[in-house]
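Q: Next up, my_file13.cif (mmCIF, C-alpha atoms).
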```cif
data_entry
loop_
_atom_site.group_PDB
_atom_site.id
_atom_site.type_symbol
_atom_site.label_atom_id
_atom_site.label_comp_id
_atom_site.auth_asym_id
_atom_site.auth_seq_id
_atom_site.Cartn_x
_atom_site.Cartn_y
_atom_site.Cartn_z
ATOM 1 C CA MET A 1 106.527 69.631 41.364
ATOM 2 C CA GLY A 2 109.124 67.818 39.270
ATOM 3 C CA ARG A 3 111.733 68.126 42.022
ATOM 4 C CA LEU A 4 109.307 66.891 44.665
ATOM 5 C CA ARG A 5 108.451 63.908 42.536
ATOM 6 C CA ILE A 6 112.115 63.035 41.996
ATOM 7 C CA ALA A 7 112.886 63.406 45.701
ATOM 8 C CA ALA A 8 110.019 61.113 46.638
ATOM 9 C CA THR A 9 111.138 58.510 44.120
ATOM 10 C CA THR A 10 114.714 58.625 45.385
ATOM 11 C CA ALA A 11 113.622 58.207 49.006
ATOM 12 C CA ALA A 12 111.560 55.179 48.078
ATOM 13 C CA LEU A 13 114.522 53.594 46.343
ATOM 14 C CA LEU A 14 117.124 54.114 49.062
ATOM 15 C CA PRO A 15 116.774 50.646 50.625
ATOM 16 C CA LEU A 16 117.318 49.157 47.168
ATOM 17 C CA LEU A 17 120.543 50.921 46.277
ATOM 18 C CA THR A 18 122.858 48.379 47.853
ATOM 19 C CA LEU A 19 123.055 45.693 45.204
ATOM 20 C CA THR A 20 125.695 45.328 42.536
ATOM 21 C CA ALA A 21 126.911 42.683 40.146
ATOM 22 C CA CYS A 22 129.290 39.844 40.982
ATOM 23 C CA GLY A 23 132.743 41.145 41.580
ATOM 24 C CA SER A 24 131.645 44.760 41.294
ATOM 25 C CA GLY A 25 131.745 47.379 43.992
ATOM 26 C CA ASP A 26 130.720 51.000 43.850
ATOM 27 C CA PRO A 27 133.269 52.579 41.498
ATOM 28 C CA SER A 28 131.952 56.041 42.138
ATOM 29 C CA GLY A 29 132.645 55.718 45.859
ATOM 30 C CA THR A 30 129.466 57.665 46.556
ATOM 31 C CA THR A 31 126.752 55.298 47.687
ATOM 32 C CA PRO A 32 123.764 57.512 48.578
ATOM 33 C CA ALA A 33 123.388 58.385 52.257
ATOM 34 C CA GLY A 34 121.116 55.907 53.991
ATOM 35 C CA ALA A 35 121.298 53.521 51.064
ATOM 36 C CA GLN A 36 122.236 50.480 53.119
ATOM 37 C CA ALA A 37 119.285 48.378 54.170
ATOM 38 C CA SER A 38 120.320 47.848 57.787
ATOM 39 C CA PRO A 39 123.119 47.935 60.323
ATOM 40 C CA ALA A 40 125.501 44.977 60.371
ATOM 41 C CA PRO A 41 124.684 42.007 62.607
ATOM 42 C CA THR A 42 126.379 42.391 65.976
ATOM 43 C CA ASP A 43 127.468 38.813 66.673
ATOM 44 C CA ASP A 44 131.220 38.161 66.418
ATOM 45 C CA PRO A 45 132.152 34.732 64.999
ATOM 46 C CA LEU A 46 135.803 35.828 64.889
ATOM 47 C CA ALA A 47 136.174 36.272 68.659
ATOM 48 C CA ALA A 48 137.637 32.821 69.225
ATOM 49 C CA VAL A 49 139.841 32.728 66.113
ATOM 50 C CA ARG A 50 143.560 32.559 66.924
ATOM 51 C CA LYS A 51 146.839 32.377 65.057
ATOM 52 C CA VAL A 52 147.809 28.858 63.992
ATOM 53 C CA ASP A 53 151.579 28.627 63.842
ATOM 54 C CA SER A 54 151.689 25.713 61.409
ATOM 55 C CA VAL A 55 149.526 27.642 58.952
ATOM 56 C CA ALA A 56 151.350 30.937 59.441
ATOM 57 C CA ALA A 57 154.601 29.119 58.677
ATOM 58 C CA LEU A 58 153.376 28.680 55.092
ATOM 59 C CA LEU A 59 153.687 32.429 54.498
ATOM 60 C CA PRO A 60 156.871 33.736 52.879
ATOM 61 C CA ALA A 61 159.443 34.825 55.463
ATOM 62 C CA ASP A 62 159.270 38.490 54.438
ATOM 63 C CA VAL A 63 155.491 38.544 54.958
ATOM 64 C CA ARG A 64 155.787 36.932 58.371
ATOM 65 C CA GLN A 65 158.417 39.478 59.336
ATOM 66 C CA ALA A 66 156.367 42.447 58.059
ATOM 67 C CA GLY A 67 153.208 41.096 59.689
ATOM 68 C CA ARG A 68 150.913 42.733 57.175
ATOM 69 C CA LEU A 69 149.259 42.229 53.800
ATOM 70 C CA ARG A 70 147.709 44.781 51.469
ATOM 71 C CA ILE A 71 144.209 43.808 50.402
ATOM 72 C CA GLY A 72 142.154 45.508 47.700
ATOM 73 C CA SER A 73 138.465 45.175 48.563
ATOM 74 C CA SER A 74 135.521 45.875 46.316
ATOM 75 C CA ILE A 75 132.826 47.075 48.723
ATOM 76 C CA GLY A 76 129.373 46.832 47.238
ATOM 77 C CA PHE A 77 126.359 45.146 48.801
ATOM 78 C CA PRO A 78 125.176 42.876 51.589
ATOM 79 C CA PRO A 79 125.681 40.134 52.463
ATOM 80 C CA SER A 80 129.148 40.031 50.824
ATOM 81 C CA ALA A 81 130.689 43.441 51.627
ATOM 82 C CA TYR A 82 129.024 46.787 52.237
ATOM 83 C CA TYR A 83 128.991 49.913 54.380
ATOM 84 C CA PRO A 84 126.389 49.781 57.176
ATOM 85 C CA TRP A 85 124.662 52.796 58.682
ATOM 86 C CA GLY A 86 127.138 55.352 59.989
ATOM 87 C CA SER A 87 129.875 54.255 57.595
ATOM 88 C CA PRO A 88 132.353 56.639 55.957
ATOM 89 C CA ARG A 89 129.959 56.856 53.006
ATOM 90 C CA SER A 90 127.092 58.164 55.080
ATOM 91 C CA SER A 91 126.247 61.850 54.932
ATOM 92 C CA GLU A 92 126.997 62.242 58.654
ATOM 93 C CA ALA A 93 130.492 60.847 58.311
ATOM 94 C CA GLU A 94 131.191 62.950 55.235
ATOM 95 C CA SER A 95 130.172 66.085 57.109
ATOM 96 C CA GLY A 96 132.320 65.169 60.096
ATOM 97 C CA GLY A 97 129.392 64.458 62.407
ATOM 98 C CA GLY A 98 129.311 60.668 62.271
ATOM 99 C CA GLN A 99 131.341 57.843 63.679
ATOM 100 C CA ASP A 100 133.336 56.203 60.909
ATOM 101 C CA LYS A 101 132.694 52.464 60.708
ATOM 102 C CA PRO A 102 134.544 49.856 58.666
ATOM 103 C CA PRO A 103 132.846 47.807 55.963
ATOM 104 C CA ALA A 104 130.929 44.716 57.013
ATOM 105 C CA GLY A 105 129.873 41.493 55.373
ATOM 106 C CA GLN A 106 130.676 37.866 54.787
ATOM 107 C CA ASP A 107 133.775 38.588 52.657
ATOM 108 C CA ILE A 108 135.098 41.039 55.250
ATOM 109 C CA ASP A 109 134.674 38.531 58.085
ATOM 110 C CA ILE A 110 136.295 35.683 56.153
ATOM 111 C CA ALA A 111 139.273 37.831 55.156
ATOM 112 C CA ASP A 112 139.720 39.081 58.724
ATOM 113 C CA ALA A 113 139.460 35.528 60.096
ATOM 114 C CA VAL A 114 142.084 34.297 57.621
ATOM 115 C CA ALA A 115 144.372 37.148 58.709
ATOM 116 C CA LYS A 116 143.965 36.114 62.370
ATOM 117 C CA VAL A 117 144.877 32.512 61.579
ATOM 118 C CA LEU A 118 147.939 33.740 59.666
ATOM 119 C CA GLY A 119 148.916 36.213 62.371
ATOM 120 C CA VAL A 120 149.029 39.199 60.017
ATOM 121 C CA LYS A 121 147.264 42.538 59.794
ATOM 122 C CA LEU A 122 145.248 43.392 56.707
ATOM 123 C CA GLU A 123 145.734 46.871 55.287
ATOM 124 C CA ARG A 124 142.426 47.202 53.463
ATOM 125 C CA GLN A 125 141.979 49.629 50.594
ATOM 126 C CA ASP A 126 138.632 50.194 48.886
ATOM 127 C CA ALA A 127 138.843 49.605 45.160
ATOM 128 C CA SER A 128 136.419 49.177 42.290
ATOM 129 C CA PHE A 129 136.213 45.720 40.790
ATOM 130 C CA GLU A 130 137.755 46.557 37.451
ATOM 131 C CA THR A 131 140.915 47.969 39.064
ATOM 132 C CA ILE A 132 141.738 45.111 41.440
ATOM 133 C CA LEU A 133 142.973 42.460 39.022
ATOM 134 C CA PRO A 134 145.379 44.792 37.184
ATOM 135 C CA ALA A 135 146.561 46.188 40.536
ATOM 136 C CA LEU A 136 147.501 42.687 41.689
ATOM 137 C CA GLY A 137 149.750 42.326 38.681
ATOM 138 C CA SER A 138 151.398 45.683 39.330
ATOM 139 C CA GLY A 139 152.050 44.824 42.976
ATOM 140 C CA LYS A 140 149.731 47.431 44.482
ATOM 141 C CA TYR A 141 147.838 44.732 46.410
ATOM 142 C CA ASP A 142 148.933 41.338 47.716
ATOM 143 C CA VAL A 143 145.399 39.927 47.586
ATOM 144 C CA GLY A 144 141.973 41.034 46.392
ATOM 145 C CA THR A 145 138.361 40.377 47.362
ATOM 146 C CA GLY A 146 135.081 41.373 45.787
ATOM 147 C CA ASN A 147 132.983 38.275 45.129
ATOM 148 C CA PHE A 148 135.341 37.258 42.330
ATOM 149 C CA GLY A 149 133.951 34.192 40.589
ATOM 150 C CA VAL A 150 136.362 31.579 39.249
ATOM 151 C CA THR A 151 136.220 31.557 35.443
ATOM 152 C CA SER A 152 138.457 29.999 32.836
ATOM 153 C CA GLU A 153 139.284 33.444 31.473
ATOM 154 C CA ARG A 154 140.324 34.863 34.841
ATOM 155 C CA LEU A 155 142.423 31.781 35.612
ATOM 156 C CA LYS A 156 144.702 32.803 32.753
ATOM 157 C CA THR A 157 145.838 35.929 34.609
ATOM 158 C CA VAL A 158 145.218 35.452 38.360
ATOM 159 C CA ASP A 159 145.286 32.727 40.996
ATOM 160 C CA PHE A 160 142.301 31.892 43.200
ATOM 161 C CA VAL A 161 141.851 30.475 46.688
ATOM 162 C CA THR A 162 138.172 29.622 47.089
ATOM 163 C CA TYR A 163 136.070 30.318 50.176
ATOM 164 C CA ILE A 164 132.427 30.155 49.056
ATOM 165 C CA ASN A 165 130.180 29.027 46.210
ATOM 166 C CA ASP A 166 127.897 31.758 44.869
ATOM 167 C CA GLY A 167 127.092 32.498 41.231
ATOM 168 C CA GLN A 168 124.614 34.035 38.842
ATOM 169 C CA GLY A 169 120.922 34.710 39.275
ATOM 170 C CA PHE A 170 118.109 36.988 38.122
ATOM 171 C CA ALA A 171 115.559 39.294 39.729
ATOM 172 C CA VAL A 172 112.661 41.427 38.540
ATOM 173 C CA LYS A 173 110.613 44.215 40.019
ATOM 174 C CA LYS A 174 107.727 42.842 42.057
ATOM 175 C CA GLY A 175 104.602 42.701 39.960
ATOM 176 C CA ASN A 176 106.482 42.497 36.668
ATOM 177 C CA THR A 177 104.974 39.642 34.677
ATOM 178 C CA ALA A 178 107.626 39.609 31.933
ATOM 179 C CA LEU A 179 109.294 36.789 33.878
ATOM 180 C CA THR A 180 107.505 34.761 36.541
ATOM 181 C CA THR A 181 109.591 31.586 36.804
ATOM 182 C CA ALA A 182 113.252 30.781 37.433
ATOM 183 C CA VAL A 183 115.536 31.577 34.513
ATOM 184 C CA THR A 184 117.197 28.338 33.449
ATOM 185 C CA ASP A 185 117.746 29.209 29.777
ATOM 186 C CA LEU A 186 118.744 32.577 28.344
ATOM 187 C CA THR A 187 116.106 32.242 25.625
ATOM 188 C CA GLN A 188 113.623 33.136 28.362
ATOM 189 C CA LEU A 189 115.144 36.631 28.215
ATOM 190 C CA CYS A 190 114.599 37.141 24.497
ATOM 191 C CA GLY A 191 113.003 40.507 23.785
ATOM 192 C CA LEU A 192 113.761 41.827 27.279
ATOM 193 C CA THR A 193 116.248 44.414 28.538
ATOM 194 C CA ILE A 194 118.727 43.105 31.107
ATOM 195 C CA GLY A 195 120.708 45.274 33.505
ATOM 196 C CA THR A 196 124.030 44.149 34.954
ATOM 197 C CA GLY A 197 127.412 45.395 36.182
ATOM 198 C CA ALA A 198 130.346 46.411 34.024
ATOM 199 C CA GLY A 199 133.236 43.972 33.794
ATOM 200 C CA THR A 200 131.410 41.170 35.597
ATOM 201 C CA THR A 201 130.852 37.491 34.884
ATOM 202 C CA PHE A 202 127.246 38.446 34.128
ATOM 203 C CA GLU A 203 128.201 40.819 31.344
ATOM 204 C CA ALA A 204 130.589 38.196 29.958
ATOM 205 C CA THR A 205 127.908 35.481 30.001
ATOM 206 C CA LEU A 206 125.280 37.651 28.345
ATOM 207 C CA THR A 207 127.733 38.825 25.688
ATOM 208 C CA ALA A 208 129.067 35.344 24.924
ATOM 209 C CA LYS A 209 125.563 33.940 24.457
ATOM 210 C CA LYS A 210 123.911 36.898 22.751
ATOM 211 C CA ASP A 211 123.111 34.823 19.653
ATOM 212 C CA VAL A 212 120.844 32.335 21.469
ATOM 213 C CA CYS A 213 117.712 34.291 20.636
ATOM 214 C CA ALA A 214 118.489 34.530 16.921
ATOM 215 C CA LYS A 215 119.103 30.777 16.844
ATOM 216 C CA ALA A 216 115.711 30.287 18.490
ATOM 217 C CA GLY A 217 114.033 32.619 15.988
ATOM 218 C CA LYS A 218 113.265 35.207 18.662
ATOM 219 C CA LYS A 219 113.950 38.902 19.178
ATOM 220 C CA PRO A 220 117.359 39.367 20.856
ATOM 221 C CA TYR A 221 117.711 40.556 24.409
ATOM 222 C CA ASP A 222 119.288 43.924 25.082
ATOM 223 C CA VAL A 223 121.978 44.380 27.743
ATOM 224 C CA LYS A 224 122.406 47.609 29.704
ATOM 225 C CA VAL A 225 125.668 47.826 31.653
ATOM 226 C CA TYR A 226 125.989 49.976 34.766
ATOM 227 C CA SER A 227 129.112 50.971 36.660
ATOM 228 C CA GLU A 228 127.417 52.069 39.883
ATOM 229 C CA ASN A 229 125.708 50.073 42.581
ATOM 230 C CA GLY A 230 122.332 51.719 42.705
ATOM 231 C CA ALA A 231 122.037 52.529 39.019
ATOM 232 C CA THR A 232 120.963 49.025 38.026
ATOM 233 C CA LEU A 233 118.137 48.795 40.551
ATOM 234 C CA THR A 234 117.058 52.366 39.940
ATOM 235 C CA ALA A 235 116.699 51.447 36.267
ATOM 236 C CA LEU A 236 114.694 48.367 37.255
ATOM 237 C CA GLN A 237 112.323 50.333 39.473
ATOM 238 C CA GLN A 238 111.851 52.992 36.810
ATOM 239 C CA GLY A 239 111.089 50.411 34.118
ATOM 240 C CA ARG A 240 114.153 51.103 31.963
ATOM 241 C CA ILE A 241 115.208 47.478 32.296
ATOM 242 C CA ASP A 242 113.087 44.358 32.775
ATOM 243 C CA VAL A 243 115.425 42.141 34.761
ATOM 244 C CA VAL A 244 118.670 42.280 36.757
ATOM 245 C CA MET A 245 121.422 39.681 36.521
ATOM 246 C CA SER A 246 123.647 39.614 39.607
ATOM 247 C CA THR A 247 124.886 37.392 42.448
ATOM 248 C CA ILE A 248 122.673 34.648 43.835
ATOM 249 C CA ASN A 249 123.297 35.634 47.450
ATOM 250 C CA GLY A 250 122.971 39.358 46.781
ATOM 251 C CA LEU A 251 119.686 39.064 44.898
ATOM 252 C CA ARG A 252 118.261 36.638 47.440
ATOM 253 C CA TYR A 253 119.247 38.952 50.302
ATOM 254 C CA GLN A 254 117.731 41.975 48.565
ATOM 255 C CA ALA A 255 114.421 40.252 47.842
ATOM 256 C CA ALA A 256 114.149 39.232 51.506
ATOM 257 C CA GLN A 257 114.286 42.813 52.770
ATOM 258 C CA PRO A 258 110.888 44.111 53.978
ATOM 259 C CA ALA A 259 111.193 47.335 51.960
ATOM 260 C CA ALA A 260 112.495 45.654 48.817
ATOM 261 C CA GLN A 261 110.464 45.667 45.632
ATOM 262 C CA THR A 262 112.289 42.862 43.847
ATOM 263 C CA ALA A 263 111.510 39.183 43.294
ATOM 264 C CA PHE A 264 114.328 36.624 43.054
ATOM 265 C CA LEU A 265 114.051 34.350 40.006
ATOM 266 C CA GLY A 266 116.364 31.593 41.141
ATOM 267 C CA GLU A 267 119.855 30.371 40.397
ATOM 268 C CA TYR A 268 121.150 30.297 36.846
ATOM 269 C CA HIS A 269 124.800 29.231 37.182
ATOM 270 C CA ARG A 270 126.928 28.476 40.239
ATOM 271 C CA LEU A 271 130.522 29.712 40.519
ATOM 272 C CA ASP A 272 133.232 29.200 43.093
ATOM 273 C CA VAL A 273 134.282 32.526 44.629
ATOM 274 C CA GLY A 274 137.682 33.230 46.093
ATOM 275 C CA PHE A 275 140.533 35.471 47.077
ATOM 276 C CA VAL A 276 142.497 36.612 44.020
ATOM 277 C CA PHE A 277 146.284 36.884 43.691
ATOM 278 C CA LYS A 278 148.755 37.689 40.963
ATOM 279 C CA LYS A 279 149.699 34.618 38.934
ATOM 280 C CA GLY A 280 152.274 32.548 40.762
ATOM 281 C CA SER A 281 151.771 34.280 44.108
ATOM 282 C CA PRO A 282 153.543 32.563 47.047
ATOM 283 C CA LEU A 283 150.535 33.362 49.271
ATOM 284 C CA THR A 284 147.997 30.896 47.905
ATOM 285 C CA GLU A 285 149.037 27.832 49.921
ATOM 286 C CA ALA A 286 148.884 29.751 53.211
ATOM 287 C CA PHE A 287 145.476 31.257 52.401
ATOM 288 C CA GLN A 288 144.087 27.866 51.404
ATOM 289 C CA ALA A 289 145.314 26.319 54.646
ATOM 290 C CA ALA A 290 143.841 29.222 56.645
ATOM 291 C CA VAL A 291 140.395 28.862 55.032
ATOM 292 C CA ASN A 292 140.483 25.107 55.662
ATOM 293 C CA GLU A 293 141.447 25.752 59.298
ATOM 294 C CA LEU A 294 138.383 28.014 59.656
ATOM 295 C CA ILE A 295 136.198 25.301 58.135
ATOM 296 C CA LYS A 296 137.651 22.727 60.541
ATOM 297 C CA ASN A 297 137.331 24.823 63.706
ATOM 298 C CA GLY A 298 133.761 25.958 62.979
ATOM 299 C CA ALA A 299 134.442 29.692 62.570
ATOM 300 C CA TYR A 300 133.611 29.470 58.861
ATOM 301 C CA ALA A 301 130.155 28.028 59.545
ATOM 302 C CA ARG A 302 129.508 30.715 62.167
ATOM 303 C CA ILE A 303 130.412 33.468 59.689
ATOM 304 C CA LEU A 304 128.045 32.086 57.042
ATOM 305 C CA THR A 305 125.268 31.672 59.619
ATOM 306 C CA LYS A 306 125.716 35.311 60.639
ATOM 307 C CA TRP A 307 125.221 36.472 57.043
ATOM 308 C CA GLY A 308 122.573 33.939 56.001
ATOM 309 C CA THR A 309 124.718 32.284 53.327
ATOM 310 C CA THR A 310 125.057 28.726 54.645
ATOM 311 C CA ALA A 311 123.631 27.351 51.385
ATOM 312 C CA SER A 312 126.825 28.587 49.703
ATOM 313 C CA ALA A 313 129.246 26.801 52.049
ATOM 314 C CA ILE A 314 132.153 24.806 50.625
ATOM 315 C CA ASP A 315 133.629 21.642 52.157
ATOM 316 C CA THR A 316 137.232 22.528 51.416
ATOM 317 C CA SER A 317 139.157 25.433 49.910
ATOM 318 C CA GLN A 318 140.832 24.907 46.551
ATOM 319 C CA ILE A 319 143.562 26.661 44.610
ATOM 320 C CA ASN A 320 142.557 27.389 41.016
ATOM 321 C CA PRO A 321 139.697 24.887 40.579
ATOM 322 C CA PRO A 322 138.224 24.668 37.070
ATOM 323 C CA GLU A 323 135.191 26.792 36.277
ATOM 324 C CA HIS A 324 131.867 25.091 36.889
ATOM 325 C CA THR A 325 130.190 24.157 33.611
#
```
Have the structure of the file written as structure tokens, please.

A:
Amino acid sequence: MGRLRIAATTAALLPLLTLTACGSGDPSGTTPAGAQASPAPTDDPLAAVRKVDSVAALLPADVRQAGRLRIGSSIGFPPSAYYPWGSPRSSEAESGGGQDKPPAGQDIDIADAVAKVLGVKLERQDASFETILPALGSGKYDVGTGNFGVTSERLKTVDFVTYINDGQGFAVKKGNTALTTAVTDLTQLCGLTIGTGAGTTFEATLTAKKDVCAKAGKKPYDVKVYSENGATLTALQQGRIDVVMSTINGLRYQAAQPAAQTAFLGEYHRLDVGFVFKKGSPLTEAFQAAVNELIKNGAYARILTKWGTTASAIDTSQINPPEHT
């Protein structure tokens, strides 16, 4: 009976196990089979994207000659980057019976479009969020993606080239009355248990402001940190946490799914999101010019329309902008 009950609960949660915190993938590399909510959209906004010689000329000569760049990608959840049905993480593919499919998502499309403009091939390697920034410094990757938000702390050690504006938001299980309105002040969370991803901007924000409840004369909030994609939402559904703090676009996407049992509680703090590079990388100018070329030629808007993230569009790409306050 216990096993049947657990199996039923797991099956009910499968559509929910795709969400993770900003800049966090699935470190375990074992997203449950069938966990993705849907196949990827089939439209191809990259079809008309071509190499632009004037932009490609901004790359270092050795990169142009090699014609490739190594990219570390944190693959976590739609709409940013995830594995659709039939991906290498599905049970069929693992058993040898499925057709391997690459990751999909807004970040994947933007990176691939930038590579086309630059005339280079991306050699993508899956990596967990917490390993990408150190790996840039060691030279393992030339560039990293994973919904990395621009923060003052990160700007000390890496360079950014922005391509979208996302940020921090909250969600609860449908029917939970602990929170019923948008979270605009962390004192609204006092006395609650918050789940979020390890090593993310969310964990940093909650930790830095953990004294707000004491100052307000209220019971402090408790933070539970999870290193796996589905663990946070499983905890939410099982009542072990009251609220999830994660990406605006990810939480909004999840709440819009027919099978989802979460309610989005609005935006808390916006952050620019970008490609990350080791400090002083010679690649930033070329990447910035490539993103701006995609904005100019309309491919950027088509990518965001495909993934339902047009509200997060930027007007121009920037190198190392200050953190939004």

Q: Once the PyMOL selection byres ((chain A and resi 207) around 12) has been evaluated on this model, what residues remain selected, and can you format them as a PyMOL selection string?

A: chain A and resi 186+194+196+198-206+208-212+220-225

Q: Apply the PyMOL selection byres ((chain A and resi 79) around 12) to the structure shown and report the selected residues as a ChimeraX atom specification.

A: /A:18-20,36-41,75-78,80-84,103-109,146-147,166,247-254,256-257,303-310,312

Q: Emit the selected residues as a PDB file, keeping the file's coordinate frame, including C-alpha atoms.

A:
```pdb
ATOM      1  CA  THR A  18     122.858  48.379  47.853  1.00  0.00           C
ATOM      2  CA  LEU A  19     123.055  45.693  45.204  1.00  0.00           C
ATOM      3  CA  THR A  20     125.695  45.328  42.536  1.00  0.00           C
ATOM      4  CA  GLN A  36     122.236  50.480  53.119  1.00  0.00           C
ATOM      5  CA  ALA A  37     119.285  48.378  54.170  1.00  0.00           C
ATOM      6  CA  SER A  38     120.320  47.848  57.787  1.00  0.00           C
ATOM      7  CA  PRO A  39     123.119  47.935  60.323  1.00  0.00           C
ATOM      8  CA  ALA A  40     125.501  44.977  60.371  1.00  0.00           C
ATOM      9  CA  PRO A  41     124.684  42.007  62.607  1.00  0.00           C
ATOM     10  CA  ILE A  75     132.826  47.075  48.723  1.00  0.00           C
ATOM     11  CA  GLY A  76     129.373  46.832  47.238  1.00  0.00           C
ATOM     12  CA  PHE A  77     126.359  45.146  48.801  1.00  0.00           C
ATOM     13  CA  PRO A  78     125.176  42.876  51.589  1.00  0.00           C
ATOM     14  CA  SER A  80     129.148  40.031  50.824  1.00  0.00           C
ATOM     15  CA  ALA A  81     130.689  43.441  51.627  1.00  0.00           C
ATOM     16  CA  TYR A  82     129.024  46.787  52.237  1.00  0.00           C
ATOM     17  CA  TYR A  83     128.991  49.913  54.380  1.00  0.00           C
ATOM     18  CA  PRO A  84     126.389  49.781  57.176  1.00  0.00           C
ATOM     19  CA  PRO A 103     132.846  47.807  55.963  1.00  0.00           C
ATOM     20  CA  ALA A 104     130.929  44.716  57.013  1.00  0.00           C
ATOM     21  CA  GLY A 105     129.873  41.493  55.373  1.00  0.00           C
ATOM     22  CA  GLN A 106     130.676  37.866  54.787  1.00  0.00           C
ATOM     23  CA  ASP A 107     133.775  38.588  52.657  1.00  0.00           C
ATOM     24  CA  ILE A 108     135.098  41.039  55.250  1.00  0.00           C
ATOM     25  CA  ASP A 109     134.674  38.531  58.085  1.00  0.00           C
ATOM     26  CA  GLY A 146     135.081  41.373  45.787  1.00  0.00           C
ATOM     27  CA  ASN A 147     132.983  38.275  45.129  1.00  0.00           C
ATOM     28  CA  ASP A 166     127.897  31.758  44.869  1.00  0.00           C
ATOM     29  CA  THR A 247     124.886  37.392  42.448  1.00  0.00           C
ATOM     30  CA  ILE A 248     122.673  34.648  43.835  1.00  0.00           C
ATOM     31  CA  ASN A 249     123.297  35.634  47.450  1.00  0.00           C
ATOM     32  CA  GLY A 250     122.971  39.358  46.781  1.00  0.00           C
ATOM     33  CA  LEU A 251     119.686  39.064  44.898  1.00  0.00           C
ATOM     34  CA  ARG A 252     118.261  36.638  47.440  1.00  0.00           C
ATOM     35  CA  TYR A 253     119.247  38.952  50.302  1.00  0.00           C
ATOM     36  CA  GLN A 254     117.731  41.975  48.565  1.00  0.00           C
ATOM     37  CA  ALA A 256     114.149  39.232  51.506  1.00  0.00           C
ATOM     38  CA  GLN A 257     114.286  42.813  52.770  1.00  0.00           C
ATOM     39  CA  ILE A 303     130.412  33.468  59.689  1.00  0.00           C
ATOM     40  CA  LEU A 304     128.045  32.086  57.042  1.00  0.00           C
ATOM     41  CA  THR A 305     125.268  31.672  59.619  1.00  0.00           C
ATOM     42  CA  LYS A 306     125.716  35.311  60.639  1.00  0.00           C
ATOM     43  CA  TRP A 307     125.221  36.472  57.043  1.00  0.00           C
ATOM     44  CA  GLY A 308     122.573  33.939  56.001  1.00  0.00           C
ATOM     45  CA  THR A 309     124.718  32.284  53.327  1.00  0.00           C
ATOM     46  CA  THR A 310     125.057  28.726  54.645  1.00  0.00           C
ATOM     47  CA  SER A 312     126.825  28.587  49.703  1.00  0.00           C
TER      48      SER A 312
END
```

Q: With only C-alpha atoms as the counted atoms, please give the residues lying no more than 6 Å from range 273-277 of chain A, apart from itself and same-chain residues fewer than 3 positions off, as a list in words.

A: Val143, Gly144, Thr145, Asn147, Phe148, Gly149, Val150, Val158, Asp159, Phe160, Val161, Thr162, Tyr163, Ile164 and Asn165 of chain A

Q: Using all atoms listed in the file, find the one residue out of A:Ser281, A:Thr193, A:Asn176, A:Ser152 that sits nearest to Arg240 in chain A.

A: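 Looking only at the distances to Arg240 in chain A, the closest residue turns out to be A:Thr193.
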
Q: Which distance in Å separates CA of Ala290 in chain A and CA of Ala61 in chain A, to one decimal?

A: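 It comes out at 16.6 Å.
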
Q: Would you mind reading off the distance between CA of Ser74 in chain A and CA of Phe170 in chain A, one decimal, in Å?

A: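 Taking CA of Ser74 in chain A and CA of Phe170 in chain A, their separation equals 21.2 Å.
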
Q: Within 12 Å of (110.0, 50.9, 34.8) in the file's own coordinates, which protein, DNA or RNA residues have an atom, counting only C-alpha atoms? List them as a list in words.

A: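 Nearby residues: Val172, Lys173, Lys174, Gly175, Asn176, Ala178, Thr193, Thr232, Leu233, Thr234, Ala235, Leu236, Gln237, Gln238, Gly239, Arg240, Ile241, Asp242 and Val243 of chain A.
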
Q: Those selected residues, please, written with C-alpha atoms and delivered as a short mmCIF file (atom, residue, chain, number, x, y, z; two decimals), in the coordinates of the input.

A:
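The resulting out.cif:
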```
data_model
loop_
_atom_site.label_atom_id
_atom_site.label_comp_id
_atom_site.auth_asym_id
_atom_site.auth_seq_id
_atom_site.Cartn_x
_atom_site.Cartn_y
_atom_site.Cartn_z
CA VAL A 172 112.66 41.43 38.54
CA LYS A 173 110.61 44.22 40.02
CA LYS A 174 107.73 42.84 42.06
CA GLY A 175 104.60 42.70 39.96
CA ASN A 176 106.48 42.50 36.67
CA ALA A 178 107.63 39.61 31.93
CA THR A 193 116.25 44.41 28.54
CA THR A 232 120.96 49.02 38.03
CA LEU A 233 118.14 48.80 40.55
CA THR A 234 117.06 52.37 39.94
CA ALA A 235 116.70 51.45 36.27
CA LEU A 236 114.69 48.37 37.26
CA GLN A 237 112.32 50.33 39.47
CA GLN A 238 111.85 52.99 36.81
CA GLY A 239 111.09 50.41 34.12
CA ARG A 240 114.15 51.10 31.96
CA ILE A 241 115.21 47.48 32.30
CA ASP A 242 113.09 44.36 32.78
CA VAL A 243 115.42 42.14 34.76
#
```

Q: May I ask which of the residues A:Arg154, A:Arg70, A:Lys296, A:Lys278 is the closest one to Ala111 in chain A, counting only C-alpha atoms?

A: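 Ranking A:Arg154, A:Arg70, A:Lys296, A:Lys278 by distance to Ala111 in chain A, first place goes to A:Arg70.
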